[in-house]
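Engineer: Below: one structure in structure tokens.
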Amino acid sequence: MSERPEGGAGPTHPMISPHSARKATRVQEAPPPSGPPAWDGPPPPGSETPVRSPLERVKGLPAKVSIRWRLTLTYSALVFAAAAVLLFVVYSIVGRSIENAWPDLITDDLDPLDAAIMQNRWTLAKGRAVSSARDALFSSSFMALAGVGILALIIGYFVADRALRPVAQMTSAARKLSESTLAHQRIALRGPNDELKELADTFDAMLTRLNVAFDTQRRFVANASHELRTPLTINRTVLEIALSDPEASEDLKALGRTLLEVNARNEKLIEGLLLLARSERELAVRKPLDVQEVAQTAMEQLAPFAAEQGVTVVAELVSAPTVGDPVLLERSVGNLLENALKYNLPESGKVWIRTGMADGGLVVQVANTGQHVPAYEVNSLFEPFRRLHADRVESAKGSGLGLSIVRAVVQAHGGNVTAVPRDGGGLVVTIRLPTR
């Protein structure tokens, strides 16, 4: 059964996360480590911190400085050294030129004593003038060298930034990559055929090989699932005919019903594999749609199952237009609701579903009551065939592909999906999609 806010048009308050007002979250402790003790992290309380020598600290500096600043300091040091050598050469040349250009004293008309006195005074004046000129030149050169040092630091930073720009472009392209964008996302670095261009081209070639590998894997899953559908359909038909035989014994009917359940489970597993392979490809259908209508349709389809499970569904649906594949989005929202209904409390369970706009994007949020989910287990639930505390397909509740399909569909639409444990038990799963 489902409940809606009064008025039916949606909530009068903004979308609020069920875990936004959490108090103290109960955290389940991880199992104790096994094997020999190995401390990897800050030193334990009471331990003595080893004293490092100045030489060890200097050797450890390069590991703490980024490559950008290392290049900046290297370029700056080279420019500064070149400027210092140039100023020293200029200082030497100018000083020698002043000394050599000093005119000689003419003492032909003087007697030897006056000529000696005059020559001595002339030599002292020459020494003081040259020394004063050199001091002024040294002081000016030192100030110029300080300015060149600052300018060299600025120039070195911009040169390092320009040198690392292709690396930043490659990093940005790598961050945007996913299985759904491998087919068309490339670095395509332009420029001379240098080492960085070669690295970018090698990375692009690797992406092409990865795309071929992923596409081959998806095609194999889709083809294998298609091939397995036919014998399962034949098995179901044969079992239904055998069960409809009035002369069949009770033991045979019980066996037939068991086999039908196993067959239905296998059919559901194959259907999930087909949908997962389809959702991991690039979208072939893009239509304008409203996620409010998608969520409403998924709720109506699962209303009988909610009544069977005895779970109350609370809906707060607000219009949220986008562009995408309506079938895949409906299936992803349906999977979230189905999981929230399955893994709920045996009595008085609740499920909340919200749609709307938040932070400039489209948001679909499904929360439920249920058993406590450790935070370190949440991310693994999005992997295929993974369930809480179970990695195999031994659970009777499903095939373990529900959240994997949700993540693949959302990523194919350019969005992301996150999950966090809910206070009191259960999960809060949030889908964020771009608008039109």
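Following the order of the structure tokens, first chain is A, next is B, and so on, with residues numbered from 1 inside each chain and ligands from 1 in the order they appear.
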Can you pull out the residues contacting A:Ala83? Cut-off 9 Å, using only C-alpha atoms, and skip same-chain residues under 3 positions away; I want them as a list of chain:residue names.
Structural biologist: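 Neighbouring residues, sequence-local ones excluded: A:Leu78, A:Val79, A:Phe80, A:Leu86, A:Leu87, A:Phe88, A:Leu145, A:Val148, A:Gly149.
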Engineer: For N, CA and C atoms, I'd like the residues from the last selection saved as a short mmCIF file (atom, residue, chain, number, x, y, z; two decimals), in the first residue's frame.
Structural biologist:
data_model
loop_
_atom_site.label_atom_id
_atom_site.label_comp_id
_atom_site.auth_asym_id
_atom_site.auth_seq_id
_atom_site.Cartn_x
_atom_site.Cartn_y
_atom_site.Cartn_z
N LEU A 78 67.64 27.92 -12.57
CA LEU A 78 68.44 28.06 -13.79
C LEU A 78 68.46 29.50 -14.28
N VAL A 79 67.30 30.16 -14.29
CA VAL A 79 67.25 31.56 -14.73
C VAL A 79 68.05 32.45 -13.78
N PHE A 80 67.92 32.18 -12.47
CA PHE A 80 68.66 32.98 -11.48
C PHE A 80 70.16 32.79 -11.64
N LEU A 86 75.67 36.44 -15.62
CA LEU A 86 75.69 37.59 -16.52
C LEU A 86 76.05 38.87 -15.76
N LEU A 87 75.48 39.07 -14.57
CA LEU A 87 75.79 40.27 -13.80
C LEU A 87 77.24 40.28 -13.33
N PHE A 88 77.77 39.10 -12.97
CA PHE A 88 79.17 39.05 -12.55
C PHE A 88 80.09 39.41 -13.72
N LEU A 145 69.68 41.64 -9.27
CA LEU A 145 69.66 40.19 -9.12
C LEU A 145 68.49 39.74 -8.26
N VAL A 148 65.50 39.97 -10.47
CA VAL A 148 65.52 38.88 -11.43
C VAL A 148 65.11 37.56 -10.77
N GLY A 149 65.51 37.37 -9.49
CA GLY A 149 65.12 36.15 -8.77
C GLY A 149 63.60 36.04 -8.63
#
Engineer: Do a neighbour search on stretch 186-201 of chain A at 8 Å with only C-alpha atoms, toss out local chain neighbours closer than 5 positions, and write the hits as a PDB file with C-alpha atoms, in the first residue's frame.
Structural biologist:
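Dumped everything to result-v2.pdb:
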ATOM      1  CA  PRO A 166      49.030  18.343 -21.457  1.00  0.00           C
ATOM      2  CA  VAL A 167      49.359  16.187 -18.337  1.00  0.00           C
ATOM      3  CA  GLN A 169      44.425  17.432 -19.985  1.00  0.00           C
ATOM      4  CA  MET A 170      45.188  13.704 -19.835  1.00  0.00           C
ATOM      5  CA  ALA A 173      40.134  12.913 -19.712  1.00  0.00           C
ATOM      6  CA  LEU A 207      41.461   3.104 -24.398  1.00  0.00           C
TER       7      LEU A 207
END
Engineer: One number please: atom CA of A:Arg354 to atom CA of A:Phe382, in Å, one decimal.
Structural biologist: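 Computing it gives 20.6 Å between the two atoms.
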Engineer: Of the candidates A:Val313, A:Val333, A:Leu124, A:Leu427, which one gets nearest to A:Gly370 if we count only C-alpha atoms?
Structural biologist: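 With only C-alpha atoms as the atom set, the closest residue is A:Leu427.
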Engineer: Could you check which of A:Leu71, A:Leu337, A:Val212, A:Leu151 is closest to A:Leu164, using only C-alpha atoms?
Structural biologist: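 Comparing A:Leu71, A:Leu337, A:Val212, A:Leu151 against A:Leu164, the winner is A:Leu71.
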Engineer: Between A:Ser76, A:Ala136, A:Arg96, A:Ala81, which has the minimum distance to A:Ile155 (counting only C-alpha atoms)?
Structural biologist: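 Going through A:Ser76, A:Ala136, A:Arg96, A:Ala81 one by one, the smallest distance to A:Ile155 is for A:Ser76.
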